[in-house]
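One structure below.
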Amino acid sequence: MENSINEMASYPSEALLEILEAGKPVAFPTDTLPALAIKPQYAQRLWQLKQRPAHKPLILMAAEVDQLIAALMIPPPPGWQALVDKGWPGALTLVLPAAGPVQEALNPGGSSLGLRIPECPMALQLLRCTGPLATTSANYSGEPACTSPEQISRLFPELPLLAPLPWPSGSGKASTVVAWQAEKGSGVCSWNVVRQGSLQLNWLEK
């Protein structure tokens, strides 16, 4: 049985900031699916919470493009600005070459970082308060993603939720993922749709 709205622990952005700075995870709505989030330096705790395989990277969300690009610590590849202009804020996750502490925290042993700015006023308000956060869908690994705060509270009863409740409804579908990748055999890099989600990419040009 799902918890009622009145039984769930929800907090304003300022209170969630204190919880996040203490290294604890929280949950908030986005325009796609609700997100679990934590400060990047504590990202390992999200894998533990979700019982998620370590090879599956997390996504860095923020409210400002400059914050995300700075986290890469590598100049972004050609064409990134056009994708950002058309896909952010929104249901687009860009996977770009990256290095440094944030990349290593969210994608250990990898060489890229997934970035997104959600199109959800509540999420953006929180992210402006907290700065960039390591995020992932709200579920145990391999199970369907939660689509409501009630489902999250049932699955993770101790997890603080962003107030106010109820949350605005998202699309219920994951974001579209576009990555800068080397073509097999040639080594030449180009933009590739890794996952077709709620955002249609008929404007994507290779």
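Lettering and numbering for the structure tokens are positional, with chains as A, B, ... in the shown order, residues counted from 1 in each chain, and ligands counted from 1 in the shown order.
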Using only C-alpha atoms, which residues of range 15-112 of chain A come within 7 Å of range 137-150 of chain A, and what is the closest atom pair for each, with the distance in Å to one decimal? Give it as a Markdown table, sorted by chain and residue number.
```
| residue | atom | partner | partner_atom | distance |
| --- | --- | --- | --- | --- |
| A:Leu33 | CA | A:Thr147 | CA | 5.8 |
| A:Pro34 | CA | A:Thr147 | CA | 6.1 |
| A:Ala35 | CA | A:Ser137 | CA | 4.8 |
| A:Leu36 | CA | A:Ala138 | CA | 5.4 |
| A:Lys50 | CA | A:Tyr140 | CA | 4.5 |
| A:Gln51 | CA | A:Ser141 | CA | 5.9 |
| A:Arg52 | CA | A:Ser141 | CA | 4.9 |
```
Would you save the residues from that selection as a compact mmCIF listing (two decimals), in the first residue's frame, using C-alpha atoms?
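Final output, saved to selection_27.txt:
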```txt
# COMPACT_ATOMS: atom_id res chain seq x y z
CA LEU A 33 10.94 10.62 -14.27
CA PRO A 34 11.56 11.50 -10.62
CA ALA A 35 15.23 11.52 -9.66
CA LEU A 36 17.30 10.29 -6.76
CA LYS A 50 19.75 1.30 -5.67
CA GLN A 51 21.82 -1.91 -5.53
CA ARG A 52 23.07 -0.74 -8.92
```
Give the alpha helix (DSSP H) residues of chain A, as DSSP finds them on the backbone, and put them as a compact mmCIF listing (two decimals) with all heavy atoms, in the first residue's frame.
```
# COMPACT_ATOMS: atom_id res chain seq x y z
N SER A 13 13.60 23.40 -0.58
CA SER A 13 14.95 23.32 -1.15
C SER A 13 16.04 23.58 -0.12
O SER A 13 17.07 22.87 -0.08
CB SER A 13 15.09 24.31 -2.31
OG SER A 13 14.21 23.99 -3.36
N GLU A 14 15.86 24.59 0.73
CA GLU A 14 16.90 24.95 1.69
C GLU A 14 17.17 23.81 2.67
O GLU A 14 18.32 23.56 3.06
CB GLU A 14 16.51 26.21 2.45
CG GLU A 14 16.43 27.46 1.59
CD GLU A 14 15.18 27.53 0.72
OE1 GLU A 14 14.24 26.70 0.93
OE2 GLU A 14 15.13 28.39 -0.16
N ALA A 15 16.13 23.11 3.08
CA ALA A 15 16.30 21.99 3.99
C ALA A 15 16.97 20.81 3.30
O ALA A 15 17.80 20.12 3.89
CB ALA A 15 14.95 21.57 4.58
N LEU A 16 16.59 20.57 2.03
CA LEU A 16 17.23 19.49 1.29
C LEU A 16 18.72 19.78 1.07
O LEU A 16 19.54 18.86 1.03
CB LEU A 16 16.54 19.26 -0.06
CG LEU A 16 15.18 18.58 -0.03
CD1 LEU A 16 14.78 18.14 -1.44
CD2 LEU A 16 15.15 17.38 0.91
N LEU A 17 19.07 21.06 0.92
CA LEU A 17 20.48 21.41 0.77
C LEU A 17 21.28 20.95 1.99
O LEU A 17 22.38 20.39 1.84
CB LEU A 17 20.63 22.92 0.58
CG LEU A 17 22.07 23.45 0.55
CD1 LEU A 17 22.87 22.80 -0.56
CD2 LEU A 17 22.07 24.96 0.42
N GLU A 18 20.75 21.15 3.18
CA GLU A 18 21.45 20.72 4.39
C GLU A 18 21.60 19.20 4.41
O GLU A 18 22.65 18.67 4.80
CB GLU A 18 20.68 21.19 5.63
CG GLU A 18 20.67 22.70 5.82
CD GLU A 18 20.00 23.10 7.10
OE1 GLU A 18 19.73 22.21 7.94
OE2 GLU A 18 19.75 24.30 7.30
N ILE A 19 20.56 18.49 3.98
CA ILE A 19 20.61 17.02 3.94
C ILE A 19 21.65 16.56 2.93
O ILE A 19 22.45 15.65 3.19
CB ILE A 19 19.22 16.47 3.59
CG1 ILE A 19 18.24 16.77 4.74
CG2 ILE A 19 19.27 14.97 3.31
CD1 ILE A 19 16.78 16.50 4.41
N LEU A 20 21.67 17.21 1.76
CA LEU A 20 22.63 16.84 0.72
C LEU A 20 24.07 17.12 1.16
O LEU A 20 24.97 16.33 0.91
CB LEU A 20 22.32 17.61 -0.56
CG LEU A 20 21.08 17.15 -1.33
CD1 LEU A 20 20.59 18.24 -2.27
CD2 LEU A 20 21.38 15.87 -2.10
N GLU A 21 24.27 18.25 1.81
CA GLU A 21 25.63 18.59 2.26
C GLU A 21 26.13 17.64 3.34
O GLU A 21 27.34 17.51 3.55
CB GLU A 21 25.66 20.04 2.74
CG GLU A 21 25.54 21.04 1.59
CD GLU A 21 25.63 22.48 2.05
OE1 GLU A 21 25.37 22.74 3.24
OE2 GLU A 21 25.96 23.34 1.21
N GLN A 44 28.78 7.37 -4.66
CA GLN A 44 28.81 5.93 -4.41
C GLN A 44 27.61 5.47 -3.59
O GLN A 44 27.13 4.34 -3.73
CB GLN A 44 30.11 5.54 -3.70
CG GLN A 44 30.31 4.04 -3.53
CD GLN A 44 30.35 3.29 -4.85
OE1 GLN A 44 30.90 3.79 -5.83
NE2 GLN A 44 29.76 2.11 -4.90
N ARG A 45 27.07 6.36 -2.77
CA ARG A 45 25.93 5.99 -1.93
C ARG A 45 24.66 5.77 -2.74
O ARG A 45 23.76 5.05 -2.30
CB ARG A 45 25.73 7.06 -0.85
CG ARG A 45 26.92 7.17 0.08
CD ARG A 45 26.79 8.26 1.13
NE ARG A 45 28.01 8.36 1.91
CZ ARG A 45 28.22 9.24 2.88
NH1 ARG A 45 27.26 10.10 3.20
NH2 ARG A 45 29.38 9.27 3.53
N LEU A 46 24.56 6.40 -3.92
CA LEU A 46 23.40 6.12 -4.78
C LEU A 46 23.47 4.71 -5.35
O LEU A 46 22.44 4.04 -5.46
CB LEU A 46 23.32 7.14 -5.92
CG LEU A 46 22.74 8.51 -5.60
CD1 LEU A 46 22.51 9.28 -6.90
CD2 LEU A 46 21.44 8.42 -4.83
N TRP A 47 24.66 4.26 -5.75
CA TRP A 47 24.78 2.88 -6.21
C TRP A 47 24.38 1.91 -5.11
O TRP A 47 23.70 0.91 -5.37
CB TRP A 47 26.22 2.60 -6.66
CG TRP A 47 26.54 3.03 -8.04
CD1 TRP A 47 26.10 2.46 -9.21
CD2 TRP A 47 27.40 4.10 -8.44
NE1 TRP A 47 26.62 3.13 -10.29
CE2 TRP A 47 27.42 4.14 -9.86
CE3 TRP A 47 28.15 5.04 -7.75
CZ2 TRP A 47 28.17 5.06 -10.58
CZ3 TRP A 47 28.89 5.97 -8.46
CH2 TRP A 47 28.90 5.97 -9.86
N GLN A 48 24.80 2.20 -3.90
CA GLN A 48 24.45 1.33 -2.77
C GLN A 48 22.95 1.33 -2.51
O GLN A 48 22.34 0.28 -2.29
CB GLN A 48 25.22 1.77 -1.53
CG GLN A 48 26.73 1.63 -1.66
CD GLN A 48 27.49 2.32 -0.54
OE1 GLN A 48 26.91 3.01 0.30
NE2 GLN A 48 28.80 2.16 -0.53
N LEU A 49 22.35 2.52 -2.55
CA LEU A 49 20.91 2.63 -2.29
C LEU A 49 20.10 1.85 -3.32
O LEU A 49 19.13 1.18 -2.98
CB LEU A 49 20.50 4.11 -2.32
CG LEU A 49 19.02 4.42 -2.10
CD1 LEU A 49 18.59 4.03 -0.68
CD2 LEU A 49 18.74 5.90 -2.34
N LYS A 50 20.50 1.93 -4.58
CA LYS A 50 19.75 1.30 -5.67
C LYS A 50 20.16 -0.15 -5.92
O LYS A 50 19.53 -0.82 -6.73
CB LYS A 50 19.97 2.08 -6.97
CG LYS A 50 19.32 3.44 -7.00
CD LYS A 50 19.44 4.09 -8.36
CE LYS A 50 18.99 3.21 -9.49
NZ LYS A 50 18.46 3.93 -10.66
N VAL A 65 24.00 25.84 -17.67
CA VAL A 65 24.89 25.18 -18.63
C VAL A 65 26.34 25.30 -18.21
O VAL A 65 27.11 24.32 -18.27
CB VAL A 65 24.69 25.77 -20.05
CG1 VAL A 65 25.72 25.19 -21.02
CG2 VAL A 65 23.28 25.52 -20.55
N ASP A 66 26.76 26.48 -17.77
CA ASP A 66 28.15 26.71 -17.42
C ASP A 66 28.63 25.75 -16.32
O ASP A 66 29.78 25.32 -16.32
CB ASP A 66 28.37 28.15 -16.96
CG ASP A 66 28.25 29.15 -18.11
OD1 ASP A 66 28.19 28.71 -19.27
OD2 ASP A 66 28.19 30.36 -17.84
N GLN A 67 27.75 25.44 -15.37
CA GLN A 67 28.12 24.53 -14.29
C GLN A 67 28.41 23.13 -14.83
O GLN A 67 29.34 22.46 -14.38
CB GLN A 67 27.00 24.46 -13.25
CG GLN A 67 26.80 25.75 -12.48
CD GLN A 67 25.62 25.65 -11.52
OE1 GLN A 67 24.59 25.05 -11.83
NE2 GLN A 67 25.77 26.23 -10.34
N LEU A 68 27.61 22.68 -15.79
CA LEU A 68 27.79 21.35 -16.35
C LEU A 68 29.05 21.28 -17.21
O LEU A 68 29.83 20.31 -17.11
CB LEU A 68 26.56 20.95 -17.18
CG LEU A 68 25.27 20.77 -16.39
CD1 LEU A 68 24.11 20.45 -17.33
CD2 LEU A 68 25.42 19.65 -15.35
N ILE A 69 29.26 22.28 -18.05
CA ILE A 69 30.43 22.27 -18.92
C ILE A 69 31.72 22.36 -18.09
O ILE A 69 32.72 21.71 -18.40
CB ILE A 69 30.35 23.41 -19.95
CG1 ILE A 69 29.12 23.22 -20.85
CG2 ILE A 69 31.62 23.46 -20.79
CD1 ILE A 69 29.03 21.90 -21.57
N ALA A 70 31.69 23.13 -17.01
CA ALA A 70 32.86 23.24 -16.15
C ALA A 70 33.23 21.89 -15.52
O ALA A 70 34.41 21.60 -15.29
CB ALA A 70 32.62 24.28 -15.06
N ALA A 71 32.22 21.07 -15.25
CA ALA A 71 32.47 19.77 -14.62
C ALA A 71 33.20 18.80 -15.54
O ALA A 71 33.82 17.85 -15.08
CB ALA A 71 31.15 19.15 -14.17
N LEU A 72 33.14 19.03 -16.86
CA LEU A 72 33.80 18.13 -17.81
C LEU A 72 35.32 18.18 -17.68
O LEU A 72 36.00 17.16 -17.86
CB LEU A 72 33.44 18.51 -19.25
CG LEU A 72 31.97 18.42 -19.65
CD1 LEU A 72 31.79 18.97 -21.07
CD2 LEU A 72 31.49 16.96 -19.59
N TRP A 80 28.17 20.79 -29.73
CA TRP A 80 27.49 20.66 -28.44
C TRP A 80 26.54 21.81 -28.17
O TRP A 80 25.45 21.61 -27.61
CB TRP A 80 28.51 20.54 -27.29
CG TRP A 80 29.20 21.83 -26.95
CD1 TRP A 80 30.31 22.34 -27.54
CD2 TRP A 80 28.79 22.78 -25.97
NE1 TRP A 80 30.65 23.55 -26.99
CE2 TRP A 80 29.73 23.86 -26.01
CE3 TRP A 80 27.75 22.85 -25.05
CZ2 TRP A 80 29.64 24.96 -25.18
CZ3 TRP A 80 27.66 23.96 -24.22
CH2 TRP A 80 28.59 24.99 -24.27
N GLN A 81 26.93 23.02 -28.56
CA GLN A 81 26.09 24.18 -28.27
C GLN A 81 24.75 24.10 -28.98
O GLN A 81 23.71 24.46 -28.42
CB GLN A 81 26.82 25.46 -28.68
CG GLN A 81 26.08 26.74 -28.28
CD GLN A 81 26.04 26.96 -26.78
OE1 GLN A 81 27.09 27.08 -26.13
NE2 GLN A 81 24.84 27.01 -26.21
N ALA A 82 24.75 23.61 -30.23
CA ALA A 82 23.49 23.48 -30.97
C ALA A 82 22.55 22.48 -30.29
O ALA A 82 21.34 22.71 -30.22
CB ALA A 82 23.77 23.05 -32.41
N LEU A 83 23.10 21.40 -29.78
CA LEU A 83 22.29 20.42 -29.07
C LEU A 83 21.73 21.01 -27.78
O LEU A 83 20.55 20.83 -27.46
CB LEU A 83 23.13 19.18 -28.76
CG LEU A 83 23.45 18.28 -29.94
CD1 LEU A 83 24.61 17.35 -29.62
CD2 LEU A 83 22.23 17.49 -30.35
N VAL A 84 22.56 21.72 -27.05
CA VAL A 84 22.12 22.36 -25.81
C VAL A 84 21.02 23.39 -26.09
O VAL A 84 20.01 23.46 -25.37
CB VAL A 84 23.33 23.03 -25.11
CG1 VAL A 84 22.86 24.01 -24.05
CG2 VAL A 84 24.23 21.97 -24.50
N ASP A 85 21.20 24.18 -27.15
CA ASP A 85 20.22 25.22 -27.46
C ASP A 85 18.85 24.63 -27.76
O ASP A 85 17.82 25.25 -27.45
CB ASP A 85 20.69 26.04 -28.67
CG ASP A 85 21.89 26.92 -28.35
OD1 ASP A 85 22.17 27.13 -27.15
OD2 ASP A 85 22.53 27.40 -29.30
N LYS A 86 18.82 23.44 -28.35
CA LYS A 86 17.55 22.83 -28.74
C LYS A 86 17.00 21.85 -27.70
O LYS A 86 15.80 21.58 -27.68
CB LYS A 86 17.71 22.13 -30.08
CG LYS A 86 17.99 23.09 -31.23
CD LYS A 86 18.14 22.35 -32.55
CE LYS A 86 18.39 23.32 -33.69
NZ LYS A 86 18.57 22.65 -34.99
N GLY A 87 17.89 21.33 -26.85
CA GLY A 87 17.45 20.27 -25.95
C GLY A 87 17.40 20.60 -24.48
O GLY A 87 16.83 19.83 -23.69
N PRO A 101 37.51 14.98 -11.09
CA PRO A 101 36.84 14.36 -9.93
C PRO A 101 35.36 14.07 -10.14
O PRO A 101 34.87 13.05 -9.64
CB PRO A 101 37.06 15.38 -8.81
CG PRO A 101 37.35 16.68 -9.50
CD PRO A 101 38.06 16.31 -10.76
N VAL A 102 34.62 14.93 -10.82
CA VAL A 102 33.19 14.66 -11.01
C VAL A 102 32.99 13.48 -11.94
O VAL A 102 32.17 12.59 -11.69
CB VAL A 102 32.47 15.91 -11.55
CG1 VAL A 102 30.99 15.60 -11.79
CG2 VAL A 102 32.61 17.07 -10.58
N GLN A 103 33.76 13.43 -13.03
CA GLN A 103 33.67 12.29 -13.94
C GLN A 103 34.01 11.00 -13.22
O GLN A 103 33.32 9.99 -13.37
CB GLN A 103 34.62 12.52 -15.13
CG GLN A 103 34.68 11.34 -16.12
CD GLN A 103 35.70 10.30 -15.72
OE1 GLN A 103 36.82 10.63 -15.34
NE2 GLN A 103 35.30 9.05 -15.77
N GLU A 104 35.06 11.01 -12.44
CA GLU A 104 35.47 9.79 -11.75
C GLU A 104 34.44 9.38 -10.70
O GLU A 104 34.23 8.18 -10.47
CB GLU A 104 36.84 9.99 -11.09
CG GLU A 104 37.42 8.73 -10.48
CD GLU A 104 37.59 7.59 -11.48
OE1 GLU A 104 37.84 7.84 -12.68
OE2 GLU A 104 37.45 6.42 -11.05
N ALA A 105 33.77 10.34 -10.09
CA ALA A 105 32.77 10.02 -9.08
C ALA A 105 31.51 9.42 -9.70
O ALA A 105 30.89 8.51 -9.13
CB ALA A 105 32.42 11.28 -8.29
N LEU A 106 31.10 9.93 -10.87
CA LEU A 106 29.84 9.50 -11.48
C LEU A 106 30.01 8.39 -12.50
O LEU A 106 29.03 7.69 -12.82
CB LEU A 106 29.13 10.69 -12.14
CG LEU A 106 28.23 11.53 -11.23
CD1 LEU A 106 29.00 12.17 -10.09
CD2 LEU A 106 27.49 12.59 -12.04
N PRO A 121 10.16 23.32 -13.17
CA PRO A 121 10.44 24.45 -12.28
C PRO A 121 10.87 24.03 -10.88
O PRO A 121 11.78 24.64 -10.30
CB PRO A 121 9.12 25.22 -12.25
CG PRO A 121 8.49 24.93 -13.59
CD PRO A 121 8.85 23.50 -13.87
N MET A 122 10.25 22.99 -10.32
CA MET A 122 10.64 22.55 -8.98
C MET A 122 12.08 22.03 -8.97
O MET A 122 12.86 22.33 -8.06
CB MET A 122 9.69 21.46 -8.48
CG MET A 122 8.35 21.97 -7.99
SD MET A 122 7.33 20.64 -7.29
CE MET A 122 8.27 20.20 -5.82
N ALA A 123 12.43 21.25 -9.98
CA ALA A 123 13.79 20.72 -10.06
C ALA A 123 14.80 21.84 -10.23
O ALA A 123 15.86 21.85 -9.57
CB ALA A 123 13.89 19.73 -11.21
N LEU A 124 14.50 22.80 -11.08
CA LEU A 124 15.43 23.90 -11.32
C LEU A 124 15.62 24.76 -10.08
O LEU A 124 16.73 25.22 -9.78
CB LEU A 124 14.94 24.75 -12.49
CG LEU A 124 14.99 24.05 -13.86
CD1 LEU A 124 14.30 24.91 -14.91
CD2 LEU A 124 16.43 23.75 -14.26
N GLN A 125 14.55 24.97 -9.34
CA GLN A 125 14.65 25.74 -8.10
C GLN A 125 15.59 25.02 -7.12
O GLN A 125 16.45 25.66 -6.49
CB GLN A 125 13.28 25.92 -7.47
CG GLN A 125 13.32 26.72 -6.16
CD GLN A 125 11.96 26.80 -5.49
OE1 GLN A 125 11.08 25.98 -5.73
NE2 GLN A 125 11.78 27.80 -4.65
N LEU A 126 15.45 23.71 -6.99
CA LEU A 126 16.33 22.96 -6.11
C LEU A 126 17.77 23.03 -6.58
O LEU A 126 18.69 23.28 -5.80
CB LEU A 126 15.87 21.50 -6.03
CG LEU A 126 16.78 20.57 -5.23
CD1 LEU A 126 16.77 20.95 -3.75
CD2 LEU A 126 16.38 19.11 -5.41
N LEU A 127 18.00 22.82 -7.87
CA LEU A 127 19.35 22.78 -8.42
C LEU A 127 20.04 24.15 -8.32
O LEU A 127 21.26 24.22 -8.18
CB LEU A 127 19.31 22.29 -9.86
CG LEU A 127 18.94 20.81 -10.02
CD1 LEU A 127 18.56 20.50 -11.47
CD2 LEU A 127 20.09 19.91 -9.56
N ARG A 128 19.27 25.22 -8.41
CA ARG A 128 19.87 26.56 -8.21
C ARG A 128 20.34 26.71 -6.77
O ARG A 128 21.32 27.41 -6.49
CB ARG A 128 18.85 27.64 -8.55
CG ARG A 128 18.55 27.74 -10.04
CD ARG A 128 17.67 28.93 -10.36
NE ARG A 128 17.22 28.91 -11.74
CZ ARG A 128 16.00 28.55 -12.16
NH1 ARG A 128 15.09 28.23 -11.25
NH2 ARG A 128 15.71 28.54 -13.43
N CYS A 129 19.65 26.06 -5.86
CA CYS A 129 19.99 26.14 -4.44
C CYS A 129 21.18 25.25 -4.11
O CYS A 129 22.07 25.63 -3.34
CB CYS A 129 18.77 25.74 -3.61
SG CYS A 129 19.03 25.74 -1.83
N THR A 130 21.22 24.06 -4.70
CA THR A 130 22.21 23.05 -4.31
C THR A 130 23.46 23.03 -5.17
O THR A 130 24.50 22.55 -4.75
CB THR A 130 21.60 21.65 -4.38
OG1 THR A 130 21.25 21.35 -5.74
CG2 THR A 130 20.36 21.54 -3.50
N PRO A 149 5.85 10.46 -6.06
CA PRO A 149 6.45 10.48 -4.72
C PRO A 149 5.92 9.36 -3.84
O PRO A 149 6.63 8.86 -2.97
CB PRO A 149 6.08 11.86 -4.18
CG PRO A 149 4.92 12.32 -4.99
CD PRO A 149 5.10 11.71 -6.34
N GLU A 150 4.68 8.96 -4.07
CA GLU A 150 4.11 7.85 -3.28
C GLU A 150 4.89 6.56 -3.51
O GLU A 150 5.20 5.83 -2.56
CB GLU A 150 2.63 7.64 -3.63
CG GLU A 150 1.72 8.79 -3.20
CD GLU A 150 1.59 9.88 -4.25
OE1 GLU A 150 2.36 9.88 -5.25
OE2 GLU A 150 0.73 10.75 -4.08
N GLN A 151 5.21 6.28 -4.76
CA GLN A 151 5.98 5.08 -5.06
C GLN A 151 7.38 5.15 -4.46
O GLN A 151 7.90 4.16 -3.94
CB GLN A 151 6.05 4.87 -6.57
CG GLN A 151 4.74 4.50 -7.21
CD GLN A 151 4.84 4.37 -8.72
OE1 GLN A 151 5.90 4.61 -9.31
NE2 GLN A 151 3.74 4.00 -9.37
N ILE A 152 8.00 6.32 -4.55
CA ILE A 152 9.34 6.48 -3.98
C ILE A 152 9.31 6.27 -2.47
O ILE A 152 10.17 5.58 -1.90
CB ILE A 152 9.91 7.87 -4.31
CG1 ILE A 152 10.11 8.01 -5.82
CG2 ILE A 152 11.23 8.10 -3.57
CD1 ILE A 152 10.50 9.40 -6.26
N SER A 153 8.32 6.85 -1.81
CA SER A 153 8.22 6.73 -0.35
C SER A 153 8.00 5.28 0.09
O SER A 153 8.49 4.87 1.14
CB SER A 153 7.09 7.63 0.16
OG SER A 153 7.02 7.60 1.56
N ARG A 154 7.29 4.54 -0.73
CA ARG A 154 7.07 3.13 -0.40
C ARG A 154 8.36 2.33 -0.56
O ARG A 154 8.68 1.46 0.25
CB ARG A 154 5.97 2.56 -1.30
CG ARG A 154 5.72 1.06 -1.10
CD ARG A 154 4.47 0.61 -1.82
NE ARG A 154 4.51 0.97 -3.23
CZ ARG A 154 5.08 0.22 -4.18
NH1 ARG A 154 5.70 -0.89 -3.84
NH2 ARG A 154 5.04 0.60 -5.44
N LEU A 155 9.12 2.63 -1.63
CA LEU A 155 10.34 1.88 -1.93
C LEU A 155 11.50 2.30 -1.03
O LEU A 155 12.29 1.46 -0.58
CB LEU A 155 10.70 2.08 -3.40
CG LEU A 155 11.67 1.08 -4.03
CD1 LEU A 155 11.07 -0.32 -4.02
CD2 LEU A 155 11.99 1.50 -5.47
```
Handout entry: Sel. of strand (DSSP E or B) residues, range 20-154 of chain A, as a list of chain:residue names
Key = A:Val26, A:Ala27, A:Phe28, A:Ala35, A:Leu36, A:Ala37, A:Ile38, A:Ile59, A:Leu60, A:Met61, A:Leu92, A:Thr93, A:Leu94, A:Val95, A:Leu96, A:Pro97, A:Ser112, A:Leu113, A:Gly114, A:Leu115, A:Arg116, A:Leu133, A:Ala134, A:Thr135, A:Thr136, A:Ser137
Problem - CA of Pro29 in chain A to CA of Asn107 in chain A, distance in Å rounded to a single decimal - result: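 Between CA of Pro29 in chain A and CA of Asn107 in chain A the gap is 23.0 Å.
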Exercise for the section: Name all residues at most 10 Å from Ala9 in chain A (count only C-alpha atoms; drop same-chain ones fewer than 4 positions away) and give them as a ChimeraX atom specification. Expected result: /A:5,153,157-163,165
